[in-house]
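Enquirer: Pasting in a structure now, in structure tokens, and then I'll have a few things to ask.
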Amino acid sequence: MMAIGTGNSTELWLGFCPISNVEDITLANESPLLSEKHGDTRLTSIRYRMAVMFLAFVLAKIPALPIHVMHPYGTHEDFHQWKLDDATNVCAQRTISLRLQDAIALDHLIKSEWDDWVADAPSHWTADGWLQQHAPLSIACRYGQNQPIASSDQHALRVEARNWNMERDYTHIRYLSMAVATDIGCFPVRKWRPIPVDEILSVHDFLYDSPDYDVRQPIDLPSLPPRDPATNKEINIYDEDGRRVPRFIGVAAPGTKPCGLLVNLETIPQLFSSYVGHDEHLDIDADIIDLDDVHDTKINVYPQAFLRKYGHVQAKSVLPHFRPFVNKVQSRITRARHAPSHDADDDDDDEDVVVADVPSHDSQPIAPAILASACQFYNEISHRVRPSAALHDVQQGRITSALAGTYAQGAAKHVHSACMHTCNVGLPHKRYDDKIKLSNVPRALRLENIYILQLDSMIPSKRNGNSIYIDVVVPLSRAWSHPHVADALRPHLAVFAAHAFPQVYQWMTFGITSLLERIWEHQKPLINQGTKPSPQMIEICAMLERALAYAHTGNAKVLSSSLMKPFWLIRSLLEQGLPTFSSIIHLQATTTRPVTVLPAQWPVVTAFNVPAMASNRCQILTYGKDHFEAYKAEFHIQLSVNNPSPSMFGQYEPDLRHAIIIAVVAFQAYIIDVKTLVSVAVIKLCNELDDNDTHSSIMESKTRRYNLKKWLACSDPLCYGDKAYEYLLRCIIGDPTEYFLGFPNPTKLKLSIRDFAKLICEMSRETKPTPLAAPLYSSGCAPMIFKVALLYMSKYAPRHSPTAADTFLQNALIVAANHLHINNVPWHLPATRGRRPRKPNHQSWINLGKASTIASIKRLNSQIIDEAEQASQRAQASDSRAPWAVESITLQSLPDFITRAVPPDEFCIENVSLDKSEPKDSIIRKTYEWAFAEFDMDVPLHQLALLIGIYVSKLIPNLFHDVDDRPYVKSYATAWDFTAAIRAMPWKPNTSRKGSKVASHFVAMVPVYIMAIIDESSPLHDYLKSARSFPTAWNKKHSHKGMSALLLARVGLAEARTGRIFNGGIFDIDWAVLNPPGVTKYHLKLFSMLADREFGPFRVAQSLFGTVAAREIARSTHTFIVNPGLASTSLGKRSESSGVDVDDDDVSSVAPVKRRRVKH
């Protein structure tokens, strides 16, 4: 189908229907209508161009229109090589206005010119047979009319019928679908005012005591009391048609708002299974009550506002209570079968002759003129808050789009800017709140029945708008108020007070919307700084937005089971109504990190850490599939790095192991690209073979399709095993006699696995990549994913040499490719003339089994010689008691080593540089000997001290500060506020002090300094108890290297109480250290950060030194950088531009107390 315009409040479409359905009415009537699912009605890009060119062709034949066609069938055989503007000017005008005579001419031309236009089409247009097998039809759609119908005013009824008759020529319409609806409203009544008897009798000549024709009796209204004396309830009376005649009118207080109505979802199935008894006065045919069909009616319920048992309903049938009314309409408008005619002269009457129970081979069964297709019950507020079912603000995933857009590249960044602007203007749930602020928002329950008229089955004299309105629309509309329907429906409705509806949506979703607001408030400033939210945060946001969409729509299709089920949302929403989260999600009371999930606990869908996700559809619709695949790969890589399988590549040293795992993720995307490349080409070829319609071509097509299906199901499709090679060969080669030649290789080239890895590295590197070419291609997802993968892999590569780094990356790719058994890859076609082909083709393959070069062989021999050394390294990597050294690992891999049972090699007394002249019983020597003797990796203080020592060794020489940056203590209300200001000072070098710049010295000395100061059992504390101060020699030795009370305060281990801390100060007076519970808490915090193996090392540096210093460390050590939550305006922190920062979890800045500063 293709939308072509509008007219008279109607959308106009051009549909292309199979010719068989147009020519054979019986076949058309047997086709499923609205009650069944259909395929995709959208035209492909090529068929869309065909449809536009045909429309331009017929429009150009109308003299009054300025349309012309230069090339009726385009300018090139390849549809991608020309634009519509090259062939016609039909798209140059935004709108083309047609007069009545133009519209009539267009209708005639579409019908008369189609066959000739198709017959003249070139072969590349008709190769697939689609044009020859379809014919254009016009389709008119009118939505949202919401017009009152079936008025009790006879004049208004006649006017409406006349309008229906004038709008369309129903003799040229085959199908007409319409929704006949009514509203049920509810008001709180203050009192009931009786309707005068004379007023009732002036409208109704006869009144009865029951709606049932078989038992009802006429009544004398003046003598009938209005209420039952026993119950005080109204005594109902009924008119001739069985409808209740009200005897009271409810009077509401001035300004009373209507109540809200929803359907009771627990009881509504009973209504659809109700049996309607026989009633001859309603022309009810007992045979039409199909009990099996009634019980099998598919009912879809849509709980609203997390209420579970109250909401909206859709059903694949109307209520069984409507069957009598539909049957009555059916009998009035459906024509009977034609009697078999033996004499043409005898048939002078235009009317149909009714023949009952007369079997005849010449007669055809008549399809019913009206079908009751479906129904739906919903609150009218839906029309207020959304223009259509798919455009509800909370269904768009706008917050998720804004967060995920930070991963966008190229033109998609403009889309991201638009998404950010939309959320900045108003979050989706805020927009909903604005829409329901109106005091008189609609709250009635809308009840709709969907009917389909098959006009070819109607009596010819009734095939007009007047009869359709009077004989079909009006009686079906009035059926809603009949007691058979209204009384049955009433017990299944739920009433909400006016102040509670629709506000109940806000109340019940408050938890979800509050969390979404906190996520947005947390992430917005970070995004503005250029920081990307973590994939976990994006997926949590997507999950919350899906839960919010479920609250407003009740449609379970918006829930993502792969992610929301492990978090308990699926079960809690469907079974309990309200959302409940698993303990995996950590909800926090601060805005800095409102919600977190440890990477190791993130749900995965396969054993290889493929992450469960909820943002896929949102990202694909907003930014495209390539963007989503790159984002998904980055997320997959992060999970694989943080939570590697214990048995996966355990034989390799940690850095190489991480790189291999990342490479496997990228190669999995590459294999998907290869599958897509082959599938598209083979299916296109099979379609062409099918169009040839010869026995040999059909058999070849079947063979190719069968082997393609088998090949796609192979776990390793590019290997020799599992018959993958045979399946692939049979689907790309049509002639069995050529199978022995193997895969086509027209270039006669062969690559080694290292050449293959080198090509990928060169095309995917961050700086100056080579142009994209085979084996990668631009339309696939793998190129972007390889770029992301190499960026992550580079963090683990050696830094001493670019050549060593390249070799490291290639080795990781080689191991990954071998793991996935990639033996053959698609290659480009050979060069003929002009530019050399670069894109891989399914008819050109290359093998990766080329022998290694001499240099490679030499490297391999050296590797064989070093196998014992490598085995030793692998054994040490898996042994928690094996020795290790800080200088031999990267900061990124520190989480793999810091939890070992032994400290690093640098942590030894030899790295302390004790003065040889110092006596053996000096306090300095005794303290260091005590520390090294007592050190235990299982003690939180010791492990924490070692971690801080390692990080300080990465910060040197920037362990000092400028005097001008010192905060004034009296400007702060509390000691912790003063400490926060100290922690915010920039880290600077001090060139006036000699100090040590050897990293290994700090790995040894800083942990000992921390242990000695904090542990009260240390020799230093024994000295302190007697001397009431630390030894001068101790202070002098360590202060030159930046180790002092100030350093302890700056890394979060001490509290500054006075300004004398800048000059050392007195312990427990001018400064104080953390108590044991505080040390344990700080230890838990930092080591919990390291559980995130990707960003954990950076987060620890950020927590210790602030963002600016942490970024410098990350740049010098090639560690992943992230900004987890700075610049929170609610905490009043200094901006990063000032070069100062603090940690969110430790310190909240408070406005300084304004006091006059006095110089001392």
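Each chain in the structure tokens gets a letter, A, B, ..., in the order shown, and its residues are numbered from 1; ligands are numbered from 1 in order too.
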Which residues come within 9 Å of segment 880-895 of chain A, counting only C-alpha atoms, excluding same-chain residues fewer than 4 positions away, as a ChimeraX atom specification?

Expert: /A:654-655,795-796,798,875-876,899-907,950-951,954,999-1000,1003,1087,1090-1098,1114,1117-1120

Enquirer: Write out as number ranges by chain the residues lying within 12 Å of Val674 of chain A, counting only C-alpha atoms and excluding same-chain residues fewer than 5 positions away.

Expert: A: 667-669, 679-681, 711-712, 716-718, 728, 774-777, 779-782, 822, 824-827, 840-842, 845

Enquirer: So that I have them on file, write out the residues from the current selection with C-alpha atoms, as a CSV table (one decimal), in the first residue's frame.

Expert:
chain,number,residue,atom,x,y,z
A,667,PHE,CA,34.0,-11.9,14.9
A,668,GLN,CA,30.6,-13.1,15.9
A,669,ALA,CA,29.2,-9.9,14.4
A,679,SER,CA,21.4,-15.0,2.2
A,680,VAL,CA,20.5,-11.8,0.3
A,681,ALA,CA,22.3,-12.9,-2.8
A,711,TRP,CA,24.2,-23.6,6.3
A,712,LEU,CA,22.6,-20.8,8.4
A,716,ASP,CA,30.4,-22.5,12.8
A,717,PRO,CA,29.3,-21.5,9.2
A,718,LEU,CA,32.8,-20.6,7.9
A,728,LEU,CA,27.6,-23.3,1.6
A,774,ALA,CA,37.0,-7.0,1.6
A,775,PRO,CA,36.7,-9.0,3.8
A,776,LEU,CA,34.6,-6.2,5.4
A,777,TYR,CA,32.0,-4.1,3.7
A,779,SER,CA,26.8,-1.9,4.7
A,780,GLY,CA,27.5,-4.5,7.4
A,781,CYS,CA,27.7,-4.0,11.2
A,782,ALA,CA,31.1,-5.6,11.6
A,822,ILE,CA,36.9,-19.1,10.3
A,824,ASN,CA,37.0,-19.2,4.4
A,825,VAL,CA,35.7,-15.6,4.0
A,826,PRO,CA,34.0,-13.7,1.1
A,827,TRP,CA,36.4,-11.7,-1.1
A,840,PRO,CA,33.0,-8.7,-0.9
A,841,ASN,CA,30.8,-10.8,-3.1
A,842,HIS,CA,29.2,-14.2,-2.5
A,845,TRP,CA,35.9,-16.5,-1.6

Enquirer: Can you pull out the residues contacting segment 539-548 of chain A? Cut-off 8 Å, using only C-alpha atoms, and skip same-chain residues under 6 positions away; I want them as a ChimeraX atom specification.

Expert: /A:394-395,397,399-400,509,512-513,516,519,558-560,563-564,569,579,613-615

Enquirer: Nearest residue to Ser477 of chain A out of A:Ile450, A:Leu1048, A:Leu689, A:Leu55, using only C-alpha atoms?

Expert: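 Selected residue with least distance to Ser477 of chain A: A:Ile450.
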
Enquirer: Measure the distance from atom CA of Thr694 of chain A to atom CA of Ile19 of chain A in Å and round it to one decimal.

Expert: 22.6 Å

Enquirer: Please provide as a VMD selection string all residues within 9 Å of Ile235 of chain A, with the sequence filter that same-chain residues fewer than 5 positions apart are discarded (counting only C-alpha atoms).

Expert: chain A and resid 209 224 to 228 247

Enquirer: How far is it from atom CA of Leu207 of chain A to atom CA of Glu240 of chain A, in Å with one decimal?

Expert: 6.6 Å

Enquirer: Can you pull out the residues contacting Thr979 of chain A? Cut-off 12 Å, using only C-alpha atoms, and skip same-chain residues under 5 positions away; I want them as an MDAnalysis selection string.

Expert: chainID A and resid 966:969 971:974 984:985 1045:1059 1061:1062 1070:1073 1142:1143 1146:1150

Enquirer: Using N, CA and C atoms, can you write the selected residues to a file as a short mmCIF file (atom, residue, chain, number, x, y, z; two decimals), in the first residue's frame?

Expert:
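Dumped everything to again.cif:
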data_model
loop_
_atom_site.label_atom_id
_atom_site.label_comp_id
_atom_site.auth_asym_id
_atom_site.auth_seq_id
_atom_site.Cartn_x
_atom_site.Cartn_y
_atom_site.Cartn_z
N ARG A 966 44.74 26.68 49.03
CA ARG A 966 44.31 26.21 50.35
C ARG A 966 42.99 26.87 50.75
N PRO A 967 42.03 26.08 51.19
CA PRO A 967 40.79 26.67 51.70
C PRO A 967 40.97 27.23 53.11
N TYR A 968 40.13 28.20 53.46
CA TYR A 968 40.19 28.82 54.79
C TYR A 968 39.22 28.10 55.71
N VAL A 969 39.73 27.57 56.79
CA VAL A 969 38.95 26.67 57.63
C VAL A 969 37.70 27.34 58.21
N SER A 971 35.74 29.30 56.91
CA SER A 971 34.68 29.47 55.91
C SER A 971 33.75 28.27 55.86
N TYR A 972 34.01 27.25 56.68
CA TYR A 972 33.24 26.02 56.58
C TYR A 972 32.65 25.69 57.95
N ALA A 973 31.44 25.19 57.90
CA ALA A 973 30.68 24.97 59.13
C ALA A 973 31.16 23.76 59.90
N THR A 974 31.59 22.72 59.20
CA THR A 974 31.98 21.48 59.86
C THR A 974 33.35 21.04 59.38
N ALA A 984 39.23 18.85 47.33
CA ALA A 984 38.96 19.46 46.03
C ALA A 984 40.16 20.23 45.48
N MET A 985 41.22 20.37 46.25
CA MET A 985 42.40 21.10 45.77
C MET A 985 43.05 20.35 44.61
N ALA A 1045 49.92 13.98 56.92
CA ALA A 1045 48.50 13.96 57.31
C ALA A 1045 47.63 14.54 56.21
N LEU A 1046 48.16 15.51 55.48
CA LEU A 1046 47.39 16.12 54.39
C LEU A 1046 47.08 15.10 53.31
N LEU A 1047 48.05 14.23 53.01
CA LEU A 1047 47.80 13.20 52.00
C LEU A 1047 46.69 12.26 52.46
N LEU A 1048 46.69 11.89 53.74
CA LEU A 1048 45.65 11.00 54.25
C LEU A 1048 44.27 11.64 54.10
N ALA A 1049 44.21 12.95 54.39
CA ALA A 1049 42.93 13.63 54.24
C ALA A 1049 42.51 13.71 52.78
N ARG A 1050 43.46 13.92 51.89
CA ARG A 1050 43.14 14.10 50.47
C ARG A 1050 42.69 12.81 49.81
N VAL A 1051 43.11 11.66 50.35
CA VAL A 1051 42.67 10.38 49.77
C VAL A 1051 41.52 9.77 50.54
N GLY A 1052 40.97 10.50 51.52
CA GLY A 1052 39.76 10.05 52.21
C GLY A 1052 39.99 9.24 53.45
N LEU A 1053 41.23 9.21 53.99
CA LEU A 1053 41.52 8.40 55.18
C LEU A 1053 41.52 9.21 56.46
N ALA A 1054 41.43 10.54 56.36
CA ALA A 1054 41.50 11.36 57.56
C ALA A 1054 40.56 12.55 57.43
N GLU A 1055 40.25 13.14 58.60
CA GLU A 1055 39.40 14.32 58.67
C GLU A 1055 40.25 15.50 59.12
N ALA A 1056 40.20 16.61 58.37
CA ALA A 1056 40.94 17.81 58.73
C ALA A 1056 40.09 18.67 59.66
N ARG A 1057 40.65 19.06 60.78
CA ARG A 1057 39.89 19.82 61.77
C ARG A 1057 40.34 21.28 61.86
N THR A 1058 41.61 21.54 61.62
CA THR A 1058 42.11 22.92 61.64
C THR A 1058 43.04 23.13 60.46
N GLY A 1059 43.38 24.40 60.22
CA GLY A 1059 44.28 24.72 59.12
C GLY A 1059 45.70 24.31 59.36
N ILE A 1061 46.79 21.50 59.65
CA ILE A 1061 47.08 20.24 58.95
C ILE A 1061 48.02 20.46 57.77
N PHE A 1062 48.02 21.69 57.21
CA PHE A 1062 48.91 21.98 56.09
C PHE A 1062 50.38 21.96 56.51
N ASP A 1070 44.39 18.41 65.39
CA ASP A 1070 44.26 19.12 64.11
C ASP A 1070 43.74 18.21 63.00
N TRP A 1071 43.85 16.96 63.20
CA TRP A 1071 43.34 15.99 62.22
C TRP A 1071 43.15 14.64 62.89
N ALA A 1072 42.28 13.81 62.30
CA ALA A 1072 42.00 12.48 62.86
C ALA A 1072 41.76 11.51 61.72
N VAL A 1073 42.15 10.25 61.96
CA VAL A 1073 42.01 9.24 60.91
C VAL A 1073 40.69 8.50 61.09
N VAL A 1142 35.50 16.72 43.56
CA VAL A 1142 35.38 15.88 44.75
C VAL A 1142 34.62 14.65 44.40
N ASP A 1143 34.61 13.69 45.30
CA ASP A 1143 33.90 12.44 45.05
C ASP A 1143 32.47 12.53 45.54
N ASP A 1146 31.47 10.54 48.89
CA ASP A 1146 32.10 10.87 50.16
C ASP A 1146 31.69 12.24 50.69
N VAL A 1147 31.65 13.22 49.82
CA VAL A 1147 31.56 14.60 50.27
C VAL A 1147 30.43 15.31 49.57
N SER A 1148 29.64 16.05 50.28
CA SER A 1148 28.65 16.95 49.72
C SER A 1148 29.05 18.35 50.11
N SER A 1149 29.32 19.19 49.13
CA SER A 1149 29.78 20.54 49.42
C SER A 1149 28.65 21.36 50.02
N VAL A 1150 28.99 22.18 50.99
CA VAL A 1150 28.03 23.06 51.64
C VAL A 1150 28.49 24.48 51.44
#

Enquirer: Might you pull out every residue within 6 Å of segment 84-99 of chain A, with only C-alpha atoms counted and same-chain residues fewer than 4 positions away left off, and present them as a count of residues only?

Expert: 7

Enquirer: Using only C-alpha atoms, which of A:Val251, A:Leu944, A:Leu476, A:Val1006 sits nearest Lys1085 of chain A?

Expert: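 The closest residue to Lys1085 of chain A is A:Leu944.
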
Enquirer: Taking only C-alpha atoms into account, which of A:Ile370, A:Ile846, A:Ala418, A:Ile381 comes nearest Lys437 of chain A?

Expert: A:Ile381

Enquirer: Name the closest residue to Thr596 of chain A among the candidates A:Ile538, A:Cys375, A:Ile110, A:Ile637; distances are taken between atoms, counting only C-alpha atoms.

Expert: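 Among the listed residues, the smallest separation from Thr596 of chain A belongs to A:Ile538.
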